[in-house]
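Note: the block below is model-v9.txt and it holds compact mmCIF, C-alpha atoms.
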# COMPACT_ATOMS: atom_id res chain seq x y z
CA MET A 1 -2.73 -17.62 -26.62
CA ASN A 2 0.44 -19.52 -27.53
CA VAL A 3 3.89 -18.82 -26.12
CA ILE A 4 5.02 -16.68 -29.07
CA GLU A 5 1.89 -14.55 -28.84
CA ALA A 6 2.42 -14.11 -25.09
CA LEU A 7 6.04 -13.04 -25.62
CA GLN A 8 5.03 -10.49 -28.24
CA ALA A 9 2.08 -9.15 -26.24
CA ARG A 10 3.82 -8.82 -22.88
CA HIS A 11 5.16 -5.44 -21.88
CA SER A 12 5.64 -3.61 -18.62
CA THR A 13 2.34 -2.29 -17.31
CA ARG A 14 2.57 0.86 -15.19
CA ALA A 15 -1.13 1.50 -14.56
CA PHE A 16 -3.63 -1.13 -13.47
CA LYS A 17 -7.38 -1.17 -13.10
CA PRO A 18 -8.71 -1.64 -9.55
CA GLN A 19 -10.36 -4.90 -10.67
CA LYS A 20 -9.50 -7.79 -8.36
CA VAL A 21 -7.73 -10.89 -9.63
CA ASP A 22 -9.40 -14.18 -8.83
CA ARG A 23 -7.22 -16.31 -6.55
CA ALA A 24 -7.95 -19.40 -8.63
CA THR A 25 -6.36 -17.67 -11.62
CA ILE A 26 -3.28 -16.73 -9.58
CA ILE A 27 -2.96 -20.37 -8.54
CA LYS A 28 -3.15 -21.49 -12.17
CA ILE A 29 -0.42 -19.01 -13.08
CA LEU A 30 1.88 -20.19 -10.30
CA GLU A 31 1.21 -23.85 -11.03
CA ALA A 32 2.20 -23.29 -14.66
CA ALA A 33 5.30 -21.28 -13.70
CA ASN A 34 6.34 -24.03 -11.30
CA ARG A 35 7.33 -26.08 -14.36
CA SER A 36 10.23 -23.66 -14.96
CA PRO A 37 13.70 -25.21 -15.18
CA SER A 38 16.21 -24.86 -12.36
CA TRP A 39 19.74 -26.08 -11.73
CA ALA A 40 19.62 -29.77 -10.74
CA ASN A 41 15.91 -29.32 -9.99
CA THR A 42 16.69 -27.20 -6.92
CA GLN A 43 13.51 -25.12 -7.46
CA PRO A 44 14.86 -22.27 -5.30
CA TRP A 45 11.78 -20.05 -5.51
CA GLU A 46 9.47 -19.06 -2.65
CA PHE A 47 6.56 -16.73 -3.36
CA PHE A 48 4.57 -14.37 -1.15
CA VAL A 49 1.44 -13.07 -2.87
CA ALA A 50 0.14 -9.80 -1.43
CA SER A 51 -3.30 -8.30 -2.03
CA GLY A 52 -6.06 -6.56 -0.10
CA GLU A 53 -5.23 -4.90 3.21
CA PRO A 54 -1.64 -6.22 3.53
CA LEU A 55 -0.82 -4.77 0.12
CA GLU A 56 -2.46 -1.45 1.00
CA ARG A 57 -0.30 -1.23 4.12
CA LEU A 58 2.78 -1.89 2.01
CA ARG A 59 1.76 0.85 -0.41
CA THR A 60 1.27 3.34 2.40
CA ARG A 61 4.56 2.57 4.13
CA PHE A 62 6.60 2.48 0.90
CA LEU A 63 5.22 5.83 -0.22
CA GLU A 64 5.87 7.38 3.21
CA ASN A 65 9.48 6.19 3.10
CA TYR A 66 9.99 7.52 -0.42
CA ARG A 67 8.52 10.92 0.40
CA LYS A 68 10.68 11.17 3.52
CA GLY A 69 13.73 10.47 1.40
CA GLU A 70 14.53 7.16 3.06
CA PRO A 71 17.32 5.49 1.05
CA VAL A 72 16.39 2.25 -0.65
CA LYS A 73 18.12 -0.88 0.58
CA PHE A 74 17.68 -3.89 -1.66
CA ASP A 75 18.44 -7.38 -0.40
CA ILE A 76 20.47 -7.89 -3.57
CA PRO A 77 22.93 -4.98 -3.92
CA ALA A 78 22.38 -2.70 -6.88
CA PRO A 79 25.09 -2.53 -9.59
CA GLN A 80 27.66 0.18 -9.00
CA SER A 81 27.94 0.90 -12.73
CA TRP A 82 26.70 -0.21 -16.14
CA PRO A 83 28.56 -0.71 -19.44
CA GLU A 84 28.12 2.37 -21.61
CA THR A 85 25.94 0.63 -24.21
CA HIS A 86 23.54 -0.61 -21.53
CA LEU A 87 23.44 2.79 -19.87
CA ASN A 88 22.67 4.45 -23.19
CA ARG A 89 19.68 2.18 -23.74
CA THR A 90 18.40 3.07 -20.29
CA LYS A 91 18.77 6.78 -20.97
CA GLN A 92 17.03 6.42 -24.32
CA MET A 93 14.13 4.61 -22.70
CA GLY A 94 13.77 7.33 -20.07
CA ALA A 95 13.84 10.12 -22.63
CA GLU A 96 11.30 8.42 -24.88
CA ARG A 97 8.97 7.58 -22.03
CA PHE A 98 8.96 11.09 -20.59
CA ALA A 99 8.35 12.46 -24.10
CA VAL A 100 5.22 10.29 -24.36
CA LEU A 101 4.14 11.52 -20.92
CA GLY A 102 4.74 15.11 -21.99
CA ILE A 103 7.21 15.74 -19.15
CA GLU A 104 10.09 18.13 -19.75
CA ARG A 105 13.64 17.20 -18.80
CA ASP A 106 13.86 19.81 -16.02
CA ASP A 107 10.38 19.22 -14.57
CA GLN A 108 11.57 17.54 -11.40
CA GLU A 109 8.18 17.66 -9.69
CA ALA A 110 6.49 15.74 -12.51
CA ARG A 111 9.34 13.25 -12.64
CA ALA A 112 9.04 12.64 -8.91
CA LYS A 113 5.32 11.92 -9.35
CA VAL A 114 6.18 9.33 -11.97
CA ALA A 115 8.75 7.78 -9.64
CA GLU A 116 6.08 7.52 -6.94
CA LEU A 117 4.19 5.04 -9.10
CA ASN A 118 6.88 2.47 -8.28
CA PHE A 119 6.38 2.92 -4.55
CA HIS A 120 2.62 2.66 -4.93
CA PHE A 121 3.13 -0.57 -6.88
CA PHE A 122 1.46 0.98 -9.95
CA ASP A 123 -1.90 0.49 -8.18
CA ALA A 124 -1.76 -3.22 -9.01
CA PRO A 125 -4.26 -5.34 -7.06
CA VAL A 126 -1.67 -8.09 -6.57
CA VAL A 127 2.10 -8.15 -6.08
CA ILE A 128 4.07 -11.39 -6.12
CA PHE A 129 7.29 -11.19 -4.14
CA ALA A 130 9.84 -13.75 -5.33
CA CYS A 131 12.31 -14.93 -2.70
CA MET A 132 15.11 -17.45 -2.32
CA ASP A 133 17.30 -18.74 0.51
CA ARG A 134 20.12 -16.35 1.48
CA ASN A 135 22.70 -19.13 1.25
CA LEU A 136 22.11 -19.71 -2.45
CA SER A 137 24.61 -18.43 -5.01
CA PRO A 138 24.06 -16.25 -8.11
CA TRP A 139 23.44 -19.50 -10.00
CA SER A 140 19.99 -19.53 -8.46
CA LEU A 141 19.27 -16.00 -9.65
CA PHE A 142 19.15 -17.44 -13.17
CA ASP A 143 16.43 -19.82 -11.97
CA MET A 144 14.58 -16.94 -10.30
CA GLY A 145 14.60 -15.05 -13.58
CA SER A 146 13.34 -18.13 -15.38
CA VAL A 147 10.38 -18.64 -13.04
CA SER A 148 9.58 -14.91 -13.06
CA GLN A 149 9.37 -14.90 -16.85
CA SER A 150 7.14 -17.97 -16.68
CA ILE A 151 4.81 -16.15 -14.28
CA MET A 152 4.55 -13.20 -16.64
CA LEU A 153 3.89 -15.35 -19.70
CA ALA A 154 1.28 -17.44 -17.87
CA ALA A 155 -0.37 -14.22 -16.70
CA GLN A 156 -0.51 -13.03 -20.29
CA HIS A 157 -2.20 -16.31 -21.24
CA TYR A 158 -4.94 -15.67 -18.69
CA GLY A 159 -5.52 -12.10 -19.86
CA LEU A 160 -3.53 -10.43 -17.10
CA ASN A 161 -0.67 -7.96 -17.24
CA THR A 162 2.52 -7.57 -15.24
CA ILE A 163 5.60 -5.54 -14.49
CA PRO A 164 8.71 -6.84 -12.74
CA ALA A 165 10.25 -3.94 -10.84
CA ILE A 166 13.16 -3.73 -8.43
CA MET A 167 11.62 -0.73 -6.67
CA LEU A 168 8.82 -3.00 -5.50
CA VAL A 169 11.40 -4.46 -3.11
CA ALA A 170 13.14 -1.18 -2.25
CA TYR A 171 12.33 -1.52 1.46
CA PRO A 172 12.61 -5.26 2.16
CA GLU A 173 12.27 -4.95 5.93
CA ILE A 174 8.82 -3.44 5.52
CA ILE A 175 7.84 -6.36 3.29
CA ARG A 176 9.16 -8.82 5.87
CA GLN A 177 7.15 -7.19 8.61
CA GLU A 178 3.88 -7.02 6.69
CA LEU A 179 4.06 -10.44 5.00
CA ASN A 180 5.90 -12.39 7.70
CA ILE A 181 8.79 -13.30 5.42
CA PRO A 182 11.52 -15.08 7.41
CA ASP A 183 15.00 -13.57 7.63
CA ASN A 184 16.60 -16.56 5.91
CA LEU A 185 15.00 -15.53 2.61
CA THR A 186 16.34 -12.92 0.21
CA ILE A 187 13.59 -10.86 -1.38
CA VAL A 188 14.69 -10.87 -5.02
CA ILE A 189 12.06 -9.04 -7.07
CA GLY A 190 8.44 -7.94 -7.06
CA ILE A 191 6.03 -8.67 -9.90
CA ALA A 192 2.91 -6.48 -10.01
CA LEU A 193 -0.07 -8.34 -11.44
CA GLY A 194 -3.50 -7.26 -12.60
CA TYR A 195 -5.53 -5.91 -15.50
CA ALA A 196 -3.89 -3.08 -17.42
CA ASP A 197 -5.70 0.22 -17.85
CA PRO A 198 -5.28 0.68 -21.62
CA ASP A 199 -6.43 4.30 -21.51
CA ASN A 200 -3.86 5.42 -18.97
CA ILE A 201 -1.01 7.38 -20.54
CA GLN A 202 1.50 5.41 -18.45
CA ASN A 203 0.75 2.39 -20.66
CA LYS A 204 1.17 4.19 -23.98
CA TYR A 205 4.94 3.74 -24.15
CA ILE A 206 6.42 0.35 -25.06
CA THR A 207 10.18 -0.10 -25.19
CA LYS A 208 11.97 -0.95 -28.42
CA ARG A 209 14.16 -4.02 -28.95
CA ARG A 210 17.49 -4.43 -30.69
CA SER A 211 17.64 -6.27 -34.00
CA LEU A 212 19.02 -9.81 -33.93
CA GLU A 213 22.00 -8.66 -35.98
CA GLU A 214 23.16 -6.61 -33.01
CA PHE A 215 23.33 -9.42 -30.47
CA VAL A 216 23.29 -12.80 -32.24
CA LYS A 217 26.34 -14.47 -33.79
CA PHE A 218 25.77 -17.72 -35.69
CA VAL A 219 28.78 -20.03 -35.65
CA GLY A 220 28.66 -23.06 -37.95
CA GLU A 221 26.01 -24.24 -40.40
As structure tokens, what does this structure read like?
Amino acid sequence: MNVIEALQARHSTRAFKPQKVDRATIIKILEAANRSPSWANTQPWEFFVASGEPLERLRTRFLENYRKGEPVKFDIPAPQSWPETHLNRTKQMGAERFAVLGIERDDQEARAKVAELNFHFFDAPVVIFACMDRNLSPWSLFDMGSVSQSIMLAAQHYGLNTIPAIMLVAYPEIIRQELNIPDNLTIVIGIALGYADPDNIQNKYITKRRSLEEFVKFVGE
């Protein structure tokens, strides 16, 4: 699979098979992603790869917190608002996805069940938690995005599927406790990794993309 094929094939997977991922393959993915660019070669990324019993404990504790109504508390503060155009795309995605799932707008119980998938890490057999030093500036977040995309494309190359999801790091203190992540690291994002279940309805919806005419301006010849 070449890079263009990987870009076109990748989409957010929300239901994984229980099939384990070979550690040697994870290492190949991370070795490839380690070639990602970063400002002045700072390479700010630190990864904690959870699977097996530690990941099961995380699932249990995350789901308990969610069901108790514990407020999420990301290491990186959530945006207070979105520009209207961005918000509209988010609303459109939600409406289209719930339509595919056959969930009505006012069916709060069904919507809560869907939300729970986030806190159960979509049943992925592996979650990669991407971290960086707390003293780094937003400049390094660009690098973290770059290396995260590289992980997802490399995973696609090896026949694996992914989803980057902020709710995977909704309770960072739990992650620190279970994975022994030091306090000097910010937990930026979680990337669930595994083999997609193609028959699961959660994987039937794929988001649309804007046309180039909407967001590209060519200046000069």
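Using all atoms listed in the file, the shortest contact distance between Glu64 (chain A) and any of A:Ile191, A:Ile174, A:Val216, A:Ile4 is found at A:Ile174.
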**OP:** Would you work out the distance separating CA of Ala40 (chain A) from CA of Ala155 (chain A), expressed in Å to one decimal?
**Re:**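 CA of Ala155 (chain A) lies 26.0 Å from CA of Ala40 (chain A).
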**OP:** Compile the contact shell of Glu53 (chain A) as a VMD selection string: residues with an atom at most 12 Å away, counting only C-alpha atoms, same-chain residues fewer than 2 positions apart removed.
**Re:** chain A and resid 50 to 51 55 to 60 125 to 126 178 to 179
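With CA of Ile128 (chain A) on one side and CA of Ile189 (chain A) on the other, the separation reads 8.4 Å.
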Original post:
By how many Å are CA of Ala196 (chain A) and CA of Gln149 (chain A) apart?
Top reply: 17.8 Å
Original post:
Which residues, written as number ranges by chain, have at least one atom at most 10 Å from region 79-89 of chain A, with all atoms listed in the file counted and residues fewer than 5 positions away on the same chain left out?
Top reply: A: 94-95, 207-210
Subject >> Among listed residues A:Leu212, A:Val188, A:Leu117, A:Ile76, nearest Val147 (chain A) (using only C-alpha atoms) >> reply: A:Val188
**OP:** Would you mind telling me which residue in A:Asn118, A:Gln92, A:Asn200, A:Gln8 lies nearest to Pro164 (chain A) when using all atoms listed in the file?
**Re:**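 Closest candidate: A:Asn118.
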Subject >> Near-region 129-145 of chain A list (6 Å; only C-alpha atoms; drop same-chain fewer than 5 positions) as number ranges by chain >> reply: A: 38, 44-48, 184-190
Writing out the chosen residues with C-alpha atoms as a PDB file, keeping the file's coordinate frame:
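Writing done, so here's result00.pdb:
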ATOM      1  CA  SER A  38      16.210 -24.860 -12.360  1.00  0.00           C
ATOM      2  CA  PRO A  44      14.860 -22.270  -5.300  1.00  0.00           C
ATOM      3  CA  TRP A  45      11.780 -20.050  -5.510  1.00  0.00           C
ATOM      4  CA  GLU A  46       9.470 -19.060  -2.650  1.00  0.00           C
ATOM      5  CA  PHE A  47       6.560 -16.730  -3.360  1.00  0.00           C
ATOM      6  CA  PHE A  48       4.570 -14.370  -1.150  1.00  0.00           C
ATOM      7  CA  ASN A 184      16.600 -16.560   5.910  1.00  0.00           C
ATOM      8  CA  LEU A 185      15.000 -15.530   2.610  1.00  0.00           C
ATOM      9  CA  THR A 186      16.340 -12.920   0.210  1.00  0.00           C
ATOM     10  CA  ILE A 187      13.590 -10.860  -1.380  1.00  0.00           C
ATOM     11  CA  VAL A 188      14.690 -10.870  -5.020  1.00  0.00           C
ATOM     12  CA  ILE A 189      12.060  -9.040  -7.070  1.00  0.00           C
ATOM     13  CA  GLY A 190       8.440  -7.940  -7.060  1.00  0.00           C
TER      14      GLY A 190
END
Original post:
Could you name the residues that touch Leu101 (chain A) at 9 Å or less, counting all atoms listed in the file, but leaving out those on the same chain fewer than 2 positions away, as a PyMOL selection string?
Top reply: chain A and resi 96-99+103-104+201-202+204-205
**OP:** May I have the residues at most 8 Å from (10.0, -4.7, -20.1) in the file's coordinates, counting only C-alpha atoms, as a list in words?
**Re:** Arg10, His11, Ser12, Ile163, Pro164, Ile206 and Thr207 of chain A
**OP:** Have a look at A:Glu221, A:Glu116, A:Asp183, A:Glu213 and name the one nearest to Tyr66 (chain A); count only C-alpha atoms.
**Re:**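 For Tyr66 (chain A), the nearest of the candidates is A:Glu116.
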Original post:
Which is closer to Pro54 (chain A) than all the others in A:Asn180, A:Gly220, A:Asn203, A:Val169, using all atoms listed in the file?
Top reply: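 Looking only at the distances to Pro54 (chain A), the closest residue turns out to be A:Asn180.
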